[in-house]
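Here's the structure, in structure tokens; my notes come after.
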Amino acid sequence: MDIIGHMQPESFLPLPEAAFHILMAVAEEDRHGYGIIQDVAAGTNGALKLSAGTLYRSIQRMLEQGLLIETGDRPSPEDDDERRRYYRITPFGREVAKAEARRLAQLVRMARRSGFAEGKA
Amino acid sequence: MMYRALLHLYPKSFRIEYESEMSAVFSRRLRDASGIGLLSIWIGAFFDVLINAAHVHLDLFFHDLRYFARTLRQSPGYALTVVAIAGLGIGATTAAFSIADHVLLRALPFADADRLVTVWEKMPRYSRTEMSPANYRDWKEQSRSFEAFGAYSDFSVNLVGEGEPERLTGSVISSDIMPTLGVKPGVGRWFTEQDDRKGAPGTIVLSYTLWQTRFGGSAAVLGKKIQIDNEPCTVVGVMPAGFSFPSRDIDLWMPLRQFGMFGDEFEDPDRTNTYLVGLAKLKRGVSLDQANSELAGIAARLEQQFPKELSKVSAMAVNLRDMVSDKSRTMLWALLAASMCVLLIACANLASLLLARARGRRKELAVRAAMGAGRERLVRQLLTESLLLAIAGGALGILIAVTATPLFAALAPTRLPITALPSPDARVLGFAMLATVFTGLAFGVFPALRATRGTDLREGSRSGVGGRRERIRGMLVIAEIGASVVLLVCSGLLIRAMMRIQGIDPGFRPDRVLTLMTPVTGQRYANTVPRVAFYHRVLNDVRALPGVDSAAYITSLPMVWHGGIWSIGVNGQPPSDATGQKASMRFISPDFFQTLGVPLLLGRDVAESDVLASPMVAVVSQSFVKQYWPGENPLGKHFTCAMLDRIIVGVVGDVRVRGLEQPSEPQVYLPYQQVKDGWVTPYVPTNLAIHISGDPAGIAAAVRRIVFSAEPQMPVTNVRMLDEIVAAETASRKAQLIVLGGFAGIAFLLAAIGIHGLLSYAVSQRTQEIGVRVALGATRANILKLITGQAFALALIGISIGTAAAYGSGRELQSLLAGVSPNDPDAFSAGILLALAMTAAGSIIPAVRAVRVDPATALRSE
């Protein structure tokens, strides 16, 4: 917490799969927990269904790490549910997500070179 | 609802934060599903919570751990102090537990050990005595309480023809005992009934140690014939390592009935010659009390049958485990209690330390609380810290316990078939772990709850919370002082008891007396003539050595053998056990009294002219005369002892035959040439005592050569100075004192640290106040009084409580005090003075600091 300021995004890599998915889910707009689960499910065609336990454990840790913040801004009254908390990606969270994406891209490039994946190296 | 209950597996802080969110998500899931899907969601949720809750706990733990590591780097001295104090407390308790458990609690290493009993005769004035063979036979035949009933007796033999002649301690034992114990020989076999009968060829079973040291651990030893007291015996088996019975350090076993020197229960009609100990196993479902009342009934019938021999002789069975003397038992419990005191003092000290530290961390805790950490989170953090410190302390404690345990070796009685030292095993480790967790919680919970109370409020309400906290620390210090007073006084009482015992006159002068043993036994020396020839030759040569003043033979040295007790008949009455007139009987050569410095008060010493053919004479002790002929001239009086009529020719001073702490029977000394033929162990003189003015080692070597030239196959054993034998009398007391004194010392130190900590804290809190006082004209003496007054007020309360508790503990220890009163004023005043000194020592540095407070700086600081 108190040392976040000095942390490099790279020090969080590799990001746990759930955390990366959560960051991607909140990249465009603030979402609440169930919204994240739905978005992740939709994005992976139902292959990844985050459980409540995994979701909130990840969220708790990401809040601590400063990748997310809870936000008081509610999108629109009719969508809102009193109980829900909304989560927003922090600039630092974005940095980390980008770093993770670079890492994965690098990995895929290497896989191509070895012939494990299609496409040009 | 059920889901919410499941969420309780999470740490509270997490649950409070996400409970409703997670429930909402879960109910959405439920809403979207139906039928089989519902079930799978429930199962999935169950494992989801289980796994993730564990993860969250672990995350918190690592979080606390990192936090803890950081605080440690900031104040390593604090952590070291805590670990050292916890280590001392846990170490002391673990060491004391391991020995108490070893001697008192743990089952003996035999099958159904709780059903094993030893069987004894019970006579007035004796706690227990051995059985006669005839009684053994009748009790065994008539009793129905036991599924097996054997007997054994100790004996010593010479082992010759295998290198140096050696004196060995053995046990003659009936063949049915070993199956009762459920132990099998490691090599070969145990005795059969064929071996265990009169006239059977000699057989022998070796201990593992003897097998290793003397026979190189070779299996070829089976079937080998070895010379035991010049009789060939065939080795039939070797017992496994670590096995010992009936007591520690037994070298070998021989069958009871085959061993010629001991009577046969089927033939020996003498019911007063008692030397067998019974070992029996209770039938399942039969209690010790039932067995004892049956035995008492049998003994009562036998008493009617043999009213003379068995007058007032009853029988009793004692659990094998309870062979430990009451003294050992009391001492071990006392040590365990003392170690608990040390642990409690350590905990009080640690709690006090943590309270003070928590005080210093209030700001930090308040900040964390403000940042959203719940109280539960902070308590958890503090508890994690104290448990981690306790675990480090526990590791150190185990190390201390393992290193310290050898100090306790002298506390394990040799009469039990157990090793001298407990080995640290799972049980002891388990205990250490319990002590560790107890310590961690005891010193952690309370300060943690205290420290986090009201963390949500503003920093600075010092007088309110701080004052209460100081009062609690004050109570902790009182407890520490009280407990150390108890330990100090009890150690003092034991020191007084030891001084009293060491001040007891043994009746002889033990210094400059070299003693050794030449076991003149076996067929070759069954008769007096060859034996006396040996004595003459050895004594003459020894007396001629330079540096030797005098030398003499005796059956057994005082304080070494407590047996040899005979009934006495005076005034024409035959000796009878019923009259309780008993004396301790020894055969001696001339010069014995001179050698040991026993004063000859009347008449003459035994003489070379007192032979079998001349009248049977005796020298008796003063108490013997006092008992039978008070105020009369005893010379020329007759009495019967050891089957013959004897005339008193001399009177000597009394000797403490049974040791310094026990009263001894009156003593009767008979001339060494008047031992009847065929009367062998244990009465023939085998011990040589030499009063020397030269170098003991040189003389001992010369004596060995003399014995070797007189009889090459004669072992020379037990070479030691007589004062060592006397010192051994108090050896176990010394060990007890060292341990208890060590505990008291630790307690003393910890309490002083506690006082120091409390006062230092108080001074630092009151710097401003002190500054104001000095500014207003208070003198140094006033300030000193202010600070030390607090310490001594606490000390006085602690000392009063401790003194009362010490009085109670002293009474519990009474059996160890050798007549010293449990409210001995010296022990109490010493304990109280030490407690005051400890208070003063703990106050010095804080008091000096208080006196040095500069009013200007103190006032400016705030």
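Please note that chains go A, B, ... in the order of the structure tokens, that every chain numbers its residues from 1, and that ligands are numbered from 1 in the order shown.
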
Can you build me a table of chain B residues sitting at most 10 Å from chain A, with the closest atom pair per residue and its distance in Å to one decimal, using only C-alpha atoms, sorted by chain and residue number, as CSV?
```
residue,atom,partner,partner_atom,distance
B:Leu7,CA,A:Gly53,CA,9.4
B:Tyr10,CA,A:Gly53,CA,9.9
B:Phe14,CA,A:Gln60,CA,8.1
B:Glu17,CA,A:Gln60,CA,9.1
B:Tyr18,CA,A:Tyr56,CA,7.1
B:Glu19,CA,A:Tyr56,CA,9.6
B:Ser20,CA,A:Arg83,CA,7.0
B:Glu21,CA,A:Arg84,CA,6.5
B:Met22,CA,A:Ala52,CA,5.7
B:Ser23,CA,A:Ala52,CA,8.4
B:Ala24,CA,A:Arg83,CA,8.1
B:Val25,CA,A:Tyr34,CA,5.7
B:Phe26,CA,A:Ala52,CA,6.9
B:Arg28,CA,A:Tyr34,CA,8.3
B:Arg29,CA,A:Tyr34,CA,9.4
B:Ile41,CA,A:Ser51,CA,9.9
B:Gly44,CA,A:Ser51,CA,8.5
B:Ala45,CA,A:Ser51,CA,7.6
B:Phe46,CA,A:Gly53,CA,9.8
B:Phe47,CA,A:Gly53,CA,9.3
B:Asp48,CA,A:Gly53,CA,5.7
B:Val49,CA,A:Gly53,CA,5.6
B:Leu50,CA,A:Gly53,CA,8.8
B:Ile51,CA,A:Gly53,CA,8.3
B:Asn52,CA,A:Gly53,CA,5.6
B:Ala53,CA,A:Gly53,CA,7.7
B:His55,CA,A:Arg57,CA,8.1
B:Val56,CA,A:Arg57,CA,6.6
B:Asp59,CA,A:Arg61,CA,8.6
```

- Note on the structure: The residue from B:Val707, B:Ala401, B:Ile565, B:Ala533 with the smallest atom-to-atom distance to Pro165 of chain B, counting only C-alpha atoms, is B:Val707

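Put simply, atom CA of Gly742 of chain B is 12.1 Å away from atom CA of Ala95 of chain B.
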
- Item | Near-segment 181-197 of chain B list (6 Å; only C-alpha atoms; drop same-chain fewer than 5 positions) as a PyMOL selection string | chain B and resi 110-111+175+236-240+255+257-258

- Residues within 12 Å of Pro109 of chain B, only C-alpha atoms, excluding chain neighbours under 4 positions, as a count of residues only: 19

- Message: Can you pull out the residues contacting segment 106-117 of chain A? Cut-off 12 Å, using only C-alpha atoms, and skip same-chain residues under 6 positions away; I want them as number ranges by chain.
- Response: A: 14, 99-100
